[in-house]
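Novice: I'd like to ask some things about the structure below.
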Amino acid sequence: MSEELKLNILSKLDSDRTIEDTSATFKGVSEEAVLGALKSLESQEVIKYKTLTTEIWTLEAEGKDQLESGSYEVRIFNAVPAGSDGITISELEAKFGKVAKLGQGKCLANKWLKKDGDKLVRTVESVTDKVQADLATVNSTSTHPSKDTLKDLKRRKLIKVTKLLSYSVSKGANFSTTLKKQATDLTMGMLQSGSWKTEEFKKFNFDSLGINPSGGHLHPLLKVREEFRQVFFETGFEEMDTSNFVESSFWNFDALFVPQQHAARDLQDTFFLKDPKLVKSLPDFWERVKNVHENGGYGSIGYRYPWSEEESKRLVLRTHTTAISSQMLHKLAQHPYRPAKYFSIDRVYRNEAVDATHLAEFHQVEGVIADKNMSLGSLIAFLDMFFKKMGMSNLRFKPTYNPYTEPSMEIFSYHEGLGKWLEIGNSGMFRPEMLRSLGLEDGVKVAGFGLSLERPTMFKYDISNIRELLGHKVDLGMIATTPACRLDKKMGQEALQKA
């Protein structure tokens, strides 16, 4: 059909030189088909065309009614008897319904009638139904000589307009009655044979919209991360700057009262840098940290070993964001006392074997609360409120050991779908050996808690292998189709298991 229509257009132009209106010349052919043929021919400069717009006015249902029975105003006028007796408004409404109010308003505006108490009386002997005559003109001609009349009838919702597109066509610079097929791509065969030199290529249409490129999509971890951030902000926390992925062993271990012989500082657990290997200098309070490791203090006997300054200077990829928390607490100690809440969500690194549930890098969610009135009971109460915002209301706490917190607790939540208790985080009160070395005054207590970002994300989005969530094996299609995360709502396997 397309090729036949193109040939018909060329044939008509060859015999008549121009086509004044395609809608008259090609009756029964859709406007879309005509436009497609014209665009194709124009791209080869065979023809030129201009768009014609024709307005077709037709009557609405109310317009048809008034064409047949007369306009509302004339009906009401004719219902009012001549003379001073007139007719009551209630009688008109009983007889004509809603038409009475519409017609009455027009009659009063045209000064055909006037009010006399609760009655309407005529002010003129007779009227001409101009609206009916105008509607008859529109009905027979699909238009009206007066634009103001069309505008008024449309405002009264008596008529509507439909715009029809057609085209005037003339010959182009390369006019021909035969169709030439143009190449759209430069192929390997053309290059090898040399036919590209004589081939006629279709011109690029730089005005066309083309295919919309797909936008970027938030990774599931970022969606869950944002939910955690909002929970922290709602509970009055400040976000810590976690932009340094490399830390000295001093901040990552020593300032946290982790002994230099601890297993976490072995090569099989921590990534140590080779170049540069050491930090240039330690913070000015490093001797306090050294002393509490070697000799104890603040109610502790310490670890009683020779503390090494060089070991403390070794650079590592941070193994936890608590390295940032310790720096923030030290900065807090440099100013007059004030309660503080800090949180961070960022990557940490461990020298672990990669499997379905472990990676060498993952995200840690951490919060610390510093206050003179802070206690273990306060921490438990806060964690209960914090995890309720994530849809976890049934919590248990189990004693555990951490080098820099005492007492320490593992956090468990009962999962209804799985029917068992799941570990969701770790927590505790920071040891005075750590806090006083950082410079915090006596009486200031600090609680901390942390959890991974990957575990809740995997559970929310039904991901069983962590390598499908983070790393080079991630499916980009999965990232594009995952819904927004709601920590306080059941999602994925949670909803299925509950059902």
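Letters A, B, ... mark the chains of the structure tokens in the order given; residue numbers begin at 1 per chain; ligand numbers begin at 1, in order shown.
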Skipping near chain neighbours, those fewer than 4 positions away, what residues fall within 10 Å of A:Lys277 using only C-alpha atoms, listed as a list in words?

Specialist: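 Residues near the query, excluding close chain neighbours: Ser248, Phe272, Leu273, Lys313, Arg314, Leu315 and Val316 of chain A.
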
Novice: Name the residues in contact with A:Ile380 at a cut-off of 10 Å, using only C-alpha atoms, excluding same-chain residues fewer than 6 positions from it; report them as a PDB file with all heavy atoms, in the first residue's frame.

Specialist:
ATOM      1  N   PHE A 386      14.282   1.728  67.397  1.00  0.00           N
ATOM      2  CA  PHE A 386      14.951   1.843  66.102  1.00  0.00           C
ATOM      3  C   PHE A 386      14.520   0.728  65.147  1.00  0.00           C
ATOM      4  O   PHE A 386      14.147   0.973  64.002  1.00  0.00           O
ATOM      5  CB  PHE A 386      16.466   1.805  66.323  1.00  0.00           C
ATOM      6  CG  PHE A 386      17.278   1.944  65.071  1.00  0.00           C
ATOM      7  CD1 PHE A 386      17.544   3.183  64.523  1.00  0.00           C
ATOM      8  CD2 PHE A 386      17.801   0.816  64.437  1.00  0.00           C
ATOM      9  CE1 PHE A 386      18.307   3.313  63.369  1.00  0.00           C
ATOM     10  CE2 PHE A 386      18.552   0.928  63.283  1.00  0.00           C
ATOM     11  CZ  PHE A 386      18.810   2.188  62.748  1.00  0.00           C
ATOM     12  N   LEU A 395      12.416  -8.464  69.584  1.00  0.00           N
ATOM     13  CA  LEU A 395      13.875  -8.513  69.687  1.00  0.00           C
ATOM     14  C   LEU A 395      14.324  -9.306  70.901  1.00  0.00           C
ATOM     15  O   LEU A 395      13.618  -9.384  71.919  1.00  0.00           O
ATOM     16  CB  LEU A 395      14.453  -7.099  69.774  1.00  0.00           C
ATOM     17  CG  LEU A 395      14.218  -6.142  68.611  1.00  0.00           C
ATOM     18  CD1 LEU A 395      14.941  -4.829  68.881  1.00  0.00           C
ATOM     19  CD2 LEU A 395      14.690  -6.736  67.295  1.00  0.00           C
ATOM     20  N   ARG A 396      15.522  -9.894  70.792  1.00  0.00           N
ATOM     21  CA  ARG A 396      16.203 -10.518  71.913  1.00  0.00           C
ATOM     22  C   ARG A 396      17.661 -10.083  71.891  1.00  0.00           C
ATOM     23  O   ARG A 396      18.210  -9.770  70.832  1.00  0.00           O
ATOM     24  CB  ARG A 396      16.133 -12.048  71.831  1.00  0.00           C
ATOM     25  CG  ARG A 396      14.816 -12.647  72.330  1.00  0.00           C
ATOM     26  CD  ARG A 396      14.891 -14.168  72.286  1.00  0.00           C
ATOM     27  NE  ARG A 396      13.655 -14.793  72.769  1.00  0.00           N
ATOM     28  CZ  ARG A 396      13.433 -16.093  72.752  1.00  0.00           C
ATOM     29  NH1 ARG A 396      14.377 -16.909  72.285  1.00  0.00           N
ATOM     30  NH2 ARG A 396      12.297 -16.575  73.188  1.00  0.00           N
ATOM     31  N   PHE A 397      18.295 -10.101  73.057  1.00  0.00           N
ATOM     32  CA  PHE A 397      19.693  -9.691  73.166  1.00  0.00           C
ATOM     33  C   PHE A 397      20.473 -10.786  73.866  1.00  0.00           C
ATOM     34  O   PHE A 397      20.025 -11.356  74.877  1.00  0.00           O
ATOM     35  CB  PHE A 397      19.802  -8.374  73.942  1.00  0.00           C
ATOM     36  CG  PHE A 397      19.015  -7.254  73.324  1.00  0.00           C
ATOM     37  CD1 PHE A 397      17.702  -7.005  73.710  1.00  0.00           C
ATOM     38  CD2 PHE A 397      19.579  -6.468  72.335  1.00  0.00           C
ATOM     39  CE1 PHE A 397      16.972  -5.983  73.136  1.00  0.00           C
ATOM     40  CE2 PHE A 397      18.853  -5.448  71.750  1.00  0.00           C
ATOM     41  CZ  PHE A 397      17.548  -5.197  72.149  1.00  0.00           C
ATOM     42  N   MET A 409      26.392  -6.965  73.279  1.00  0.00           N
ATOM     43  CA  MET A 409      25.196  -7.776  73.017  1.00  0.00           C
ATOM     44  C   MET A 409      25.035  -8.028  71.526  1.00  0.00           C
ATOM     45  O   MET A 409      25.218  -7.120  70.708  1.00  0.00           O
ATOM     46  CB  MET A 409      23.927  -7.042  73.503  1.00  0.00           C
ATOM     47  CG  MET A 409      23.913  -6.631  74.948  1.00  0.00           C
ATOM     48  SD  MET A 409      22.344  -5.789  75.355  1.00  0.00           S
ATOM     49  CE  MET A 409      22.399  -4.386  74.245  1.00  0.00           C
ATOM     50  N   ILE A 411      22.210  -8.806  68.674  1.00  0.00           N
ATOM     51  CA  ILE A 411      20.791  -8.470  68.549  1.00  0.00           C
ATOM     52  C   ILE A 411      20.123  -9.508  67.655  1.00  0.00           C
ATOM     53  O   ILE A 411      20.592  -9.769  66.539  1.00  0.00           O
ATOM     54  CB  ILE A 411      20.610  -7.063  67.949  1.00  0.00           C
ATOM     55  CG1 ILE A 411      21.472  -6.043  68.687  1.00  0.00           C
ATOM     56  CG2 ILE A 411      19.145  -6.642  67.967  1.00  0.00           C
ATOM     57  CD1 ILE A 411      21.602  -4.718  67.961  1.00  0.00           C
ATOM     58  N   SER A 427      26.035  -4.858  69.360  1.00  0.00           N
ATOM     59  CA  SER A 427      25.930  -3.597  70.093  1.00  0.00           C
ATOM     60  C   SER A 427      26.702  -3.694  71.394  1.00  0.00           C
ATOM     61  O   SER A 427      27.174  -4.767  71.788  1.00  0.00           O
ATOM     62  CB  SER A 427      24.464  -3.267  70.376  1.00  0.00           C
ATOM     63  OG  SER A 427      23.885  -4.248  71.222  1.00  0.00           O
ATOM     64  N   GLY A 428      26.797  -2.560  72.094  1.00  0.00           N
ATOM     65  CA  GLY A 428      27.448  -2.561  73.400  1.00  0.00           C
ATOM     66  C   GLY A 428      27.784  -1.161  73.859  1.00  0.00           C
ATOM     67  O   GLY A 428      27.547  -0.174  73.153  1.00  0.00           O
ATOM     68  N   ALA A 447      27.246   4.487  73.697  1.00  0.00           N
ATOM     69  CA  ALA A 447      26.721   3.204  73.224  1.00  0.00           C
ATOM     70  C   ALA A 447      26.892   3.121  71.720  1.00  0.00           C
ATOM     71  O   ALA A 447      26.782   4.123  71.012  1.00  0.00           O
ATOM     72  CB  ALA A 447      25.247   3.060  73.595  1.00  0.00           C
TER      73      ALA A 447
END

Novice: Quick one: pull the distance between atom CA of A:Ala333 and atom CA of A:Glu247, Å, one decimal.

Specialist: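 Between atom CA of A:Ala333 and atom CA of A:Glu247 the gap works out to 20.4 Å.
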
Novice: Would you mind telling me which residue in A:Glu125, A:Glu60, A:Asp85, A:Glu226 lies nearest to A:Leu153 when using only C-alpha atoms?

Specialist: A:Glu60

Novice: Find the spatial neighbours of stretch 115-122 of chain A, counting only C-alpha atoms, within a cut-off of 7 Å - ignore same-chain residues fewer than 5 positions away - and output them as a PDB file with C-alpha atoms, in the first residue's frame.

Specialist:
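Saved as result_39.pdb:
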ATOM      1  CA  VAL A  80     -44.447  33.603  28.914  1.00  0.00           C
ATOM      2  CA  ALA A  82     -48.153  38.451  26.420  1.00  0.00           C
ATOM      3  CA  SER A  84     -48.669  42.109  32.284  1.00  0.00           C
ATOM      4  CA  ASP A  85     -49.879  38.869  33.824  1.00  0.00           C
ATOM      5  CA  GLY A  86     -46.743  36.913  32.859  1.00  0.00           C
ATOM      6  CA  ILE A  87     -45.938  33.577  34.516  1.00  0.00           C
ATOM      7  CA  THR A  88     -44.404  32.592  37.817  1.00  0.00           C
ATOM      8  CA  ILE A  89     -40.845  31.274  37.918  1.00  0.00           C
TER       9      ILE A  89
END

Novice: Name the residues in contact with A:Glu31 at a cut-off of 8 Å, using only C-alpha atoms, excluding same-chain residues fewer than 4 positions from it; report them as a PyMOL selection string.

Specialist: chain A and resi 23+35+165-166

Novice: Could you take the residues named above and write them with N, CA, C and O atoms, as a CSV table (one decimal), in the first residue's frame?

Specialist:
chain,number,residue,atom,x,y,z
A,23,SER,N,-6.6,15.4,1.1
A,23,SER,CA,-7.8,14.8,1.5
A,23,SER,C,-8.8,14.7,0.4
A,23,SER,O,-9.7,13.8,0.4
A,35,LEU,N,0.8,10.9,5.3
A,35,LEU,CA,1.9,11.6,5.8
A,35,LEU,C,3.2,10.7,5.8
A,35,LEU,O,4.3,11.2,5.5
A,165,LEU,N,-6.2,17.2,9.4
A,165,LEU,CA,-4.9,17.5,8.7
A,165,LEU,C,-4.9,17.0,7.3
A,165,LEU,O,-5.3,15.8,7.1
A,166,SER,N,-4.4,17.8,6.4
A,166,SER,CA,-4.2,17.3,5.0
A,166,SER,C,-3.0,18.1,4.5
A,166,SER,O,-2.4,18.9,5.3

Novice: Using DSSP on the backbone coordinates, identify all residues within stretch 108-300 of chain A classified as helix (DSSP H, G or I); present the result as a ChimeraX atom specification.

Specialist: /A:108-109,130-141,147-155,188-193,195-197,220-234,249-252,254-256,263-265,286-294

Novice: Quick one: everything within 12 Å of A:Glu4, counting only C-alpha atoms, minus sequence neighbours fewer than 6 positions away in the same chain. Send it as a PyMOL selection string.

Specialist: chain A and resi 10-11+29+33-34+37+177-179

Novice: List the spatial neighbours of stretch 448-456 of chain A as a list in words - criterion: any atom at most 8 Å away, only C-alpha atoms, same-chain residues fewer than 3 positions off excluded.

Specialist: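 Using only C-alpha atoms, the neighbours found are Leu221, Val224, Arg225, Ile345, Phe362, His363, Gln364, Val365, Glu366, Gly367, Val368, Ile369, Ile424, Gly425, Asn426, Ser427, Gly428, Met429, Phe430, Phe459, Lys460 and Ile466 of chain A.
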
Novice: Between atom CA of A:Leu383 and atom CA of A:Tyr401, what is the distance in Å, rounded to a tenth?

Specialist: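 Interatomic distance, atom CA of A:Leu383 to atom CA of A:Tyr401: 18.5 Å.
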
Novice: Measure the distance from atom CA of A:Gly210 to atom CA of A:Met188 in Å and round it to one decimal.

Specialist: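 Distance reported for this atom pair: 24.7 Å.
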